[in-house]
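Raw final.cif, mmCIF, C-alpha atoms and all ligand atoms:
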```cif
data_target
loop_
_atom_site.group_PDB
_atom_site.id
_atom_site.type_symbol
_atom_site.label_atom_id
_atom_site.label_comp_id
_atom_site.auth_asym_id
_atom_site.auth_seq_id
_atom_site.Cartn_x
_atom_site.Cartn_y
_atom_site.Cartn_z
ATOM 1 C CA MET A 85 212.396 -29.413 90.370
ATOM 2 C CA LYS A 86 214.236 -32.475 91.638
ATOM 3 C CA PHE A 87 214.733 -33.015 95.374
ATOM 4 C CA PHE A 88 218.042 -34.404 96.596
ATOM 5 C CA ILE A 89 218.935 -34.877 100.254
ATOM 6 C CA ASP A 90 222.286 -33.506 101.396
ATOM 7 C CA THR A 91 223.519 -36.079 103.892
ATOM 8 C CA ALA A 92 225.368 -39.358 104.331
ATOM 9 C CA LYS A 93 223.012 -40.419 107.160
ATOM 10 C CA LEU A 94 221.119 -43.516 106.020
ATOM 11 C CA ALA A 95 218.195 -42.956 108.443
ATOM 12 C CA ASP A 96 217.591 -39.441 107.043
ATOM 13 C CA ILE A 97 217.855 -40.693 103.475
ATOM 14 C CA LYS A 98 215.305 -43.412 104.250
ATOM 15 C CA GLU A 99 212.914 -40.923 105.870
ATOM 16 C CA ALA A 100 213.005 -38.607 102.840
ATOM 17 C CA LYS A 101 212.641 -41.590 100.517
ATOM 18 C CA ASP A 102 209.618 -42.843 102.461
ATOM 19 C CA LEU A 103 207.937 -39.470 101.920
ATOM 20 C CA GLY A 104 208.001 -40.395 98.225
ATOM 21 C CA ILE A 105 209.667 -37.214 97.004
ATOM 22 C CA LEU A 106 213.357 -38.113 96.846
ATOM 23 C CA ASP A 107 215.215 -37.957 93.522
ATOM 24 C CA GLY A 108 218.801 -38.349 94.709
ATOM 25 C CA VAL A 109 221.497 -37.725 97.310
ATOM 26 C CA THR A 110 224.531 -35.490 97.637
ATOM 27 C CA THR A 111 227.376 -36.164 100.034
ATOM 28 C CA ASN A 112 230.720 -34.545 100.708
ATOM 29 C CA PRO A 113 233.772 -35.538 102.775
ATOM 30 C CA SER A 114 232.505 -33.528 105.783
ATOM 31 C CA LEU A 115 229.125 -35.293 105.701
ATOM 32 C CA MET A 116 230.851 -38.706 105.472
ATOM 33 C CA ALA A 117 233.098 -37.793 108.423
ATOM 34 C CA LYS A 118 230.029 -36.681 110.409
ATOM 35 C CA GLU A 119 228.667 -40.240 110.079
ATOM 36 C CA GLY A 120 232.005 -41.648 111.282
ATOM 37 C CA ILE A 121 232.798 -43.311 107.930
ATOM 38 C CA LYS A 122 236.582 -43.761 107.877
ATOM 39 C CA GLY A 123 238.929 -45.376 105.354
ATOM 40 C CA GLN A 124 238.536 -45.602 101.593
ATOM 41 C CA GLN A 125 236.849 -49.021 101.518
ATOM 42 C CA SER A 126 234.270 -47.983 104.141
ATOM 43 C CA VAL A 127 233.565 -44.806 102.188
ATOM 44 C CA PHE A 128 233.059 -46.826 98.984
ATOM 45 C CA ASP A 129 230.839 -49.344 100.806
ATOM 46 C CA HIS A 130 228.756 -46.493 102.206
ATOM 47 C CA TYR A 131 228.227 -45.023 98.729
ATOM 48 C CA VAL A 132 226.971 -48.395 97.530
ATOM 49 C CA LYS A 133 224.573 -48.617 100.505
ATOM 50 C CA ILE A 134 223.183 -45.172 99.628
ATOM 51 C CA CYS A 135 222.827 -46.131 95.955
ATOM 52 C CA GLU A 136 220.990 -49.319 96.894
ATOM 53 C CA LEU A 137 218.614 -47.313 99.094
ATOM 54 C CA VAL A 138 217.764 -44.587 96.589
ATOM 55 C CA LYS A 139 216.806 -44.841 92.946
ATOM 56 C CA GLY A 140 218.480 -41.725 91.569
ATOM 57 C CA ASP A 141 221.736 -39.848 91.328
ATOM 58 C CA VAL A 142 224.167 -40.044 94.249
ATOM 59 C CA SER A 143 227.018 -37.535 94.257
ATOM 60 C CA ALA A 144 230.322 -38.967 95.534
ATOM 61 C CA GLU A 145 233.158 -36.473 95.937
ATOM 62 C CA VAL A 146 236.773 -36.973 94.855
ATOM 63 C CA ILE A 147 239.548 -36.163 97.318
ATOM 64 C CA ALA A 148 242.292 -35.741 94.701
ATOM 65 C CA THR A 149 242.974 -32.216 93.474
ATOM 66 C CA ASP A 150 245.282 -32.980 90.526
ATOM 67 C CA TYR A 151 244.054 -33.861 87.019
ATOM 68 C CA LYS A 152 245.282 -37.467 86.906
ATOM 69 C CA GLY A 153 244.237 -38.142 90.487
ATOM 70 C CA ILE A 154 240.717 -36.744 89.945
ATOM 71 C CA ILE A 155 240.287 -38.866 86.827
ATOM 72 C CA ALA A 156 241.527 -42.054 88.495
ATOM 73 C CA GLU A 157 239.346 -41.490 91.554
ATOM 74 C CA GLY A 158 236.393 -40.399 89.433
ATOM 75 C CA LYS A 159 236.551 -43.598 87.360
ATOM 76 C CA GLU A 160 236.793 -45.709 90.517
ATOM 77 C CA LEU A 161 233.800 -43.955 92.090
ATOM 78 C CA ALA A 162 231.741 -44.233 88.903
ATOM 79 C CA SER A 163 232.457 -47.966 88.725
ATOM 80 C CA LEU A 164 230.902 -48.544 92.175
ATOM 81 C CA HIS A 165 227.299 -48.181 90.985
ATOM 82 C CA PRO A 166 225.438 -46.750 87.952
ATOM 83 C CA GLY A 167 223.788 -44.152 90.240
ATOM 84 C CA ILE A 168 227.081 -42.475 91.136
ATOM 85 C CA VAL A 169 227.746 -38.942 89.909
ATOM 86 C CA VAL A 170 231.363 -37.866 90.433
ATOM 87 C CA LYS A 171 231.604 -34.666 92.437
ATOM 88 C CA VAL A 172 234.593 -32.563 91.388
ATOM 89 C CA PRO A 173 235.728 -29.238 92.905
ATOM 90 C CA MET A 174 235.735 -26.041 90.854
ATOM 91 C CA ILE A 175 239.496 -25.765 90.394
ATOM 92 C CA LYS A 176 241.614 -25.701 87.223
ATOM 93 C CA ASP A 177 242.405 -29.431 87.237
ATOM 94 C CA GLY A 178 238.810 -30.096 88.250
ATOM 95 C CA VAL A 179 237.449 -28.353 85.144
ATOM 96 C CA LYS A 180 239.896 -30.280 82.937
ATOM 97 C CA ALA A 181 238.883 -33.538 84.622
ATOM 98 C CA ILE A 182 235.161 -32.754 84.207
ATOM 99 C CA ARG A 183 235.768 -32.303 80.463
ATOM 100 C CA TYR A 184 237.598 -35.633 80.313
ATOM 101 C CA LEU A 185 235.073 -37.559 82.436
ATOM 102 C CA SER A 186 232.174 -36.041 80.528
ATOM 103 C CA ASN A 187 233.765 -37.132 77.205
ATOM 104 C CA GLN A 188 233.979 -40.645 78.691
ATOM 105 C CA GLY A 189 230.243 -40.600 79.504
ATOM 106 C CA ILE A 190 230.851 -40.288 83.268
ATOM 107 C CA ARG A 191 228.411 -37.896 84.939
ATOM 108 C CA THR A 192 229.816 -35.114 87.112
ATOM 109 C CA ASN A 193 228.711 -32.561 89.684
ATOM 110 C CA CYS A 194 230.933 -29.485 89.813
ATOM 111 C CA THR A 195 231.015 -28.441 93.458
ATOM 112 C CA LEU A 196 232.137 -25.434 95.512
ATOM 113 C CA VAL A 197 230.736 -22.964 92.987
ATOM 114 C CA PHE A 198 230.314 -19.384 94.196
ATOM 115 C CA SER A 199 230.070 -17.281 91.032
ATOM 116 C CA ALA A 200 228.333 -17.174 87.650
ATOM 117 C CA GLY A 201 231.745 -17.259 85.949
ATOM 118 C CA GLN A 202 232.584 -20.553 87.628
ATOM 119 C CA ALA A 203 229.192 -21.920 86.594
ATOM 120 C CA ILE A 204 229.828 -20.940 82.951
ATOM 121 C CA LEU A 205 233.113 -22.878 83.031
ATOM 122 C CA ALA A 206 231.428 -25.927 84.602
ATOM 123 C CA GLY A 207 228.786 -25.802 81.864
ATOM 124 C CA LYS A 208 231.379 -25.463 79.100
ATOM 125 C CA ALA A 209 233.283 -28.435 80.533
ATOM 126 C CA GLY A 210 230.124 -30.563 80.260
ATOM 127 C CA ALA A 211 229.253 -31.019 83.942
ATOM 128 C CA THR A 212 225.942 -32.802 84.491
ATOM 129 C CA TYR A 213 225.250 -30.630 87.547
ATOM 130 C CA VAL A 214 226.684 -27.404 88.909
ATOM 131 C CA SER A 215 226.444 -26.840 92.680
ATOM 132 C CA PRO A 216 226.339 -23.197 93.826
ATOM 133 C CA PHE A 217 226.513 -23.065 97.641
ATOM 134 C CA ILE A 218 223.837 -20.552 98.542
ATOM 135 C CA GLY A 219 223.970 -20.780 102.361
ATOM 136 C CA ARG A 220 227.707 -20.159 102.438
ATOM 137 C CA ILE A 221 227.209 -17.136 100.144
ATOM 138 C CA ASP A 222 224.508 -15.762 102.462
ATOM 139 C CA ASP A 223 226.969 -16.252 105.356
ATOM 140 C CA GLN A 224 229.263 -13.752 103.579
ATOM 141 C CA ASN A 225 226.460 -11.150 103.358
ATOM 142 C CA TRP A 226 225.929 -11.850 99.648
ATOM 143 C CA ASP A 227 222.714 -13.206 98.162
ATOM 144 C CA GLY A 228 222.880 -16.890 97.270
ATOM 145 C CA ILE A 229 219.445 -16.947 95.654
ATOM 146 C CA THR A 230 220.428 -14.157 93.242
ATOM 147 C CA LEU A 231 223.366 -16.284 92.136
ATOM 148 C CA ILE A 232 221.030 -19.221 91.403
ATOM 149 C CA ALA A 233 218.819 -16.884 89.332
ATOM 150 C CA HIS A 234 221.834 -15.529 87.374
ATOM 151 C CA ILE A 235 223.162 -18.979 86.569
ATOM 152 C CA ALA A 236 219.721 -20.304 85.574
ATOM 153 C CA GLN A 237 219.262 -17.283 83.275
ATOM 154 C CA ILE A 238 222.694 -17.637 81.659
ATOM 155 C CA TYR A 239 222.205 -21.370 81.070
ATOM 156 C CA ALA A 240 218.757 -20.756 79.566
ATOM 157 C CA ILE A 241 220.008 -18.002 77.214
ATOM 158 C CA HIS A 242 222.851 -20.180 75.944
ATOM 159 C CA GLY A 243 221.102 -23.537 75.981
ATOM 160 C CA ILE A 244 223.626 -24.998 78.446
ATOM 161 C CA GLN A 245 222.434 -28.463 79.456
ATOM 162 C CA THR A 246 224.134 -28.534 82.895
ATOM 163 C CA GLN A 247 221.512 -28.661 85.647
ATOM 164 C CA VAL A 248 221.601 -26.037 88.394
ATOM 165 C CA LEU A 249 221.757 -27.948 91.681
ATOM 166 C CA ALA A 250 221.274 -25.453 94.504
ATOM 167 C CA ALA A 251 223.380 -26.604 97.470
ATOM 168 C CA SER A 252 224.190 -25.419 100.980
ATOM 169 C CA ILE A 253 220.483 -24.992 101.694
ATOM 170 C CA ARG A 254 219.766 -23.762 105.218
ATOM 171 C CA SER A 255 215.975 -23.493 105.339
ATOM 172 C CA SER A 256 212.684 -24.524 103.784
ATOM 173 C CA LEU A 257 212.349 -20.984 102.414
ATOM 174 C CA HIS A 258 215.630 -21.471 100.541
ATOM 175 C CA ILE A 259 214.019 -24.441 98.772
ATOM 176 C CA VAL A 260 210.964 -22.396 97.756
ATOM 177 C CA ARG A 261 213.115 -19.472 96.535
ATOM 178 C CA CYS A 262 215.283 -21.863 94.492
ATOM 179 C CA ALA A 263 212.148 -23.246 92.831
ATOM 180 C CA GLU A 264 211.006 -19.680 92.059
ATOM 181 C CA VAL A 265 214.259 -18.657 90.353
ATOM 182 C CA GLY A 266 214.665 -21.769 88.230
ATOM 183 C CA ALA A 267 217.002 -24.250 89.947
ATOM 184 C CA GLN A 268 216.437 -27.676 88.392
ATOM 185 C CA VAL A 269 217.529 -29.441 91.599
ATOM 186 C CA VAL A 270 217.834 -28.566 95.273
ATOM 187 C CA THR A 271 219.850 -30.560 97.737
ATOM 188 C CA ALA A 272 218.811 -29.946 101.323
ATOM 189 C CA PRO A 273 219.119 -31.474 104.782
ATOM 190 C CA LEU A 274 216.137 -33.471 106.068
ATOM 191 C CA ASP A 275 214.847 -30.730 108.396
ATOM 192 C CA ALA A 276 214.622 -28.196 105.547
ATOM 193 C CA ILE A 277 212.729 -30.730 103.412
ATOM 194 C CA MET A 278 210.355 -31.711 106.236
ATOM 195 C CA GLY A 279 209.870 -28.042 107.141
ATOM 196 C CA LEU A 280 207.979 -27.650 103.853
ATOM 197 C CA LEU A 281 205.157 -29.685 105.410
ATOM 198 C CA LYS A 282 204.534 -27.226 108.197
ATOM 199 C CA HIS A 283 201.886 -24.517 108.464
ATOM 200 C CA PRO A 284 200.065 -23.625 111.679
ATOM 201 C CA LEU A 285 196.773 -23.127 109.783
ATOM 202 C CA THR A 286 197.004 -26.718 108.524
ATOM 203 C CA ASP A 287 197.288 -27.968 112.124
ATOM 204 C CA ILE A 288 194.488 -25.683 113.381
ATOM 205 C CA GLY A 289 192.253 -26.584 110.421
ATOM 206 C CA LEU A 290 192.807 -30.317 110.853
ATOM 207 C CA GLU A 291 192.125 -30.164 114.571
ATOM 208 C CA LYS A 292 188.818 -28.361 113.872
ATOM 209 C CA PHE A 293 187.766 -30.821 111.146
ATOM 210 C CA LEU A 294 188.480 -33.776 113.431
ATOM 211 C CA SER A 295 186.684 -32.278 116.440
ATOM 212 C CA ASP A 296 183.619 -31.358 114.303
ATOM 213 C CA HIS A 297 183.586 -34.876 112.891
ATOM 214 C CA LYS A 298 183.691 -36.263 116.432
ATOM 215 C CA LYS A 299 180.766 -34.016 117.544
ATOM 216 C CA VAL A 300 178.578 -35.072 114.592
ATOM 217 C CA ASN A 301 179.392 -38.714 115.026
ATOM 218 C CA ALA A 302 179.132 -38.775 118.830
ATOM 219 C CA LYS A 303 176.382 -41.090 120.101
HETATM 220 C C1 LIG B 401 226.709 -29.777 98.370
HETATM 221 O O1 LIG B 401 226.569 -30.759 97.670
HETATM 222 C C2 LIG B 401 227.278 -29.781 99.723
HETATM 223 O O2 LIG B 401 227.283 -31.103 100.189
HETATM 224 C C3 LIG B 401 226.487 -29.011 100.726
HETATM 225 O O3 LIG B 401 225.261 -28.558 100.235
HETATM 226 C C4 LIG B 401 227.262 -28.036 101.529
HETATM 227 O O4 LIG B 401 226.409 -27.451 102.465
HETATM 228 P P1 LIG B 401 226.919 -26.682 103.773
HETATM 229 O O5 LIG B 401 227.322 -25.308 103.355
HETATM 230 O O6 LIG B 401 225.738 -26.664 104.671
HETATM 231 O O7 LIG B 401 228.091 -27.476 104.304
#
```
Whole structure, structure tokens version:
Amino acid sequence: MKFFIDTAKLADIKEAKDLGILDGVTTNPSLMAKEGIKGQQSVFDHYVKICELVKGDVSAEVIATDYKGIIAEGKELASLHPGIVVKVPMIKDGVKAIRYLSNQGIRTNCTLVFSAGQAILAGKAGATYVSPFIGRIDDQNWDGITLIAHIAQIYAIHGIQTQVLAASIRSSLHIVRCAEVGAQVVTAPLDAIMGLLKHPLTDIGLEKFLSDHKKVNAK
């Protein structure tokens, strides 16, 4: 399973990269705004900075919601750096644009996916990635992980090449559950990724090993 980080914060991206486990980055307009990136040129420059920092796919989201606009913006984003994957919302014009961009060899990530039906359409349109938002589904008292399992199963049965990119991850446990049910990629904030490191028995065990070593080696 590939690990992407879901942020536009360069320091967090660097920290995950330094751990040696980072395969890519996803961003969205809210995450860019959170970092105070304003204006189209600054947004583009920030994408390039991220791409130069990470060797892997970097999802950059279109703002346009009409077919021609999505295509124009998608082409512009894709031209910024070879690592860019154009993130397109799951709407009618978005699906049409994914088909077009995919035919042009431009990689896409179909975002804001909340059902298996939407994921089937994204797959049919040739999306490189499909992003079901599991945390937001859980927020509605549905089960986001079950959706990941359904989509992974449907894609496997039908040989759909689109990769299931589990998004809207809220915890380290979400990451583990996504791995269990067959997501090919998870995109998570830094704290959920770093949370995978933690276990109290690791800390207790290490403390004991170090203190025993000290006792044996004390003069
Ligand atoms: C996906 O690519 C989105 O950027 C993201 O995972 C949304 O997560 P949120 O529900 O925490 O905003």
Please provide as a compact mmCIF listing (two decimals) with C-alpha atoms, in the frame of the given file all residues within 6 Å of segment 103-112 of chain A, with the sequence filter that same-chain residues fewer than 5 positions apart are discarded (counting only C-alpha atoms).
```txt
# COMPACT_ATOMS: atom_id res chain seq x y z
CA LYS A 86 214.24 -32.48 91.64
CA PHE A 87 214.73 -33.02 95.37
CA PHE A 88 218.04 -34.40 96.60
CA ILE A 89 218.94 -34.88 100.25
CA ASP A 90 222.29 -33.51 101.40
CA THR A 91 223.52 -36.08 103.89
CA ALA A 92 225.37 -39.36 104.33
CA GLY A 140 218.48 -41.72 91.57
CA ASP A 141 221.74 -39.85 91.33
CA VAL A 142 224.17 -40.04 94.25
CA SER A 143 227.02 -37.53 94.26
CA GLU A 145 233.16 -36.47 95.94
```
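Of the listed residues A:Gln224, A:Gln245, A:Gln202, A:Asn193, the one whose atoms come nearest to ligand LIG 401 (chain B) is A:Asn193, with distances taken using only C-alpha atoms and all ligand atoms.
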Inset, instruction - Please check which protein, DNA or RNA residues sit within 7 Å of ligand LIG 401 (chain B), counting all atoms listed in the file, and write them as a PyMOL selection string. - result: chain A and resi 90+110-112+195+215+217+219-220+251-254+271-272
Legend entry - Nearest candidate to Lys93 of chain A (options A:Leu274, A:Val265, A:Ala203, A:Val179; using all atoms listed in the file):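 Result for the nearest residue to Lys93 of chain A: A:Leu274.
Reported to one decimal place, the separation of atom CA of His258 of chain A from atom CA of Pro284 of chain A is 19.3 Å.
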Inset, instruction - Would you write out, as a PyMOL selection string, every residue that the PyMOL selection byres (((chain A and resi 165) around 10) and not hetatm) captures in this file? - result: chain A and resi 128+131-133+135-136+142+160-164+166-169
Inset, instruction - Could you check how far atom CA of Val197 of chain A sits from atom CA of Ala263 of chain A, in Å to one decimal? - result: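 Atom CA of Ala263 of chain A lies 18.6 Å from atom CA of Val197 of chain A.
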The PyMOL selection byres (((chain A and resi 246) around 6) and not hetatm) resolved against shown file, as a PDB file with C-alpha atoms, keeping the file's coordinate frame:
```pdb
ATOM      1  CA  GLY A 207     228.786 -25.802  81.864  1.00  0.00           C
ATOM      2  CA  ALA A 211     229.253 -31.019  83.942  1.00  0.00           C
ATOM      3  CA  THR A 212     225.942 -32.802  84.491  1.00  0.00           C
ATOM      4  CA  TYR A 213     225.250 -30.630  87.547  1.00  0.00           C
ATOM      5  CA  ILE A 244     223.626 -24.998  78.446  1.00  0.00           C
ATOM      6  CA  GLN A 245     222.434 -28.463  79.456  1.00  0.00           C
ATOM      7  CA  GLN A 247     221.512 -28.661  85.647  1.00  0.00           C
TER       8      GLN A 247
END
```
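Among the candidates A:Lys171, A:Thr149, A:Lys159, A:Asp177, the residue lying nearest to Ile190 of chain A is A:Lys159 (atoms considered: all atoms listed in the file).
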Legend entry - Residues within 12 Å of (236.9, -45.3, 101.9), file coords, all atoms listed in the file, listed as a list of chain:residue names: A:Pro113, A:Met116, A:Ala117, A:Gly120, A:Ile121, A:Lys122, A:Gly123, A:Gln124, A:Gln125, A:Ser126, A:Val127, A:Phe128, A:Asp129, A:His130, A:Tyr131, A:Val132, A:Ala144, A:Glu145, A:Val146, A:Ile147, A:Glu157, A:Glu160, A:Leu161, A:Leu164
Inset, instruction - Tell me, in Å to one decimal, how far atom CA of Leu185 of chain A is from atom CA of Lys101 of chain A. - result: 29.1 Å
Inset, instruction - List every protein, DNA or RNA residue with an atom no more than 9 Å from (224.3, -19.6, 79.6) in the file's coordinates, counting all atoms listed in the file, and format the result as number ranges by chain. - result: A: 203-204, 207, 235-244
Legend entry - Distance criterion (all atoms listed in the file): nearest to Ala206 of chain A out of A:Ala181, A:Val269, A:Thr286, A:Asp296: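 That would be A:Ala181, the residue with the smallest distance to Ala206 of chain A.
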Inset, instruction - To verify the selection step, state as a PyMOL selection string which residues the PyMOL selection byres (((chain A and resi 256) around 9) and not hetatm) yields on this input. - result: chain A and resi 253-255+257-261+272+275-280
Give the padded box for segment 255-268 of chain A as AutoDock Vina command-line options: axis-aligned, covering all atoms listed in the file, 6 Å on each side, centre and edge lengths in Å to one decimal.
```
--center_x 214.0 --center_y -23.2 --center_z 96.8 --size_x 18.0 --size_y 21.0 --size_z 29.1
```
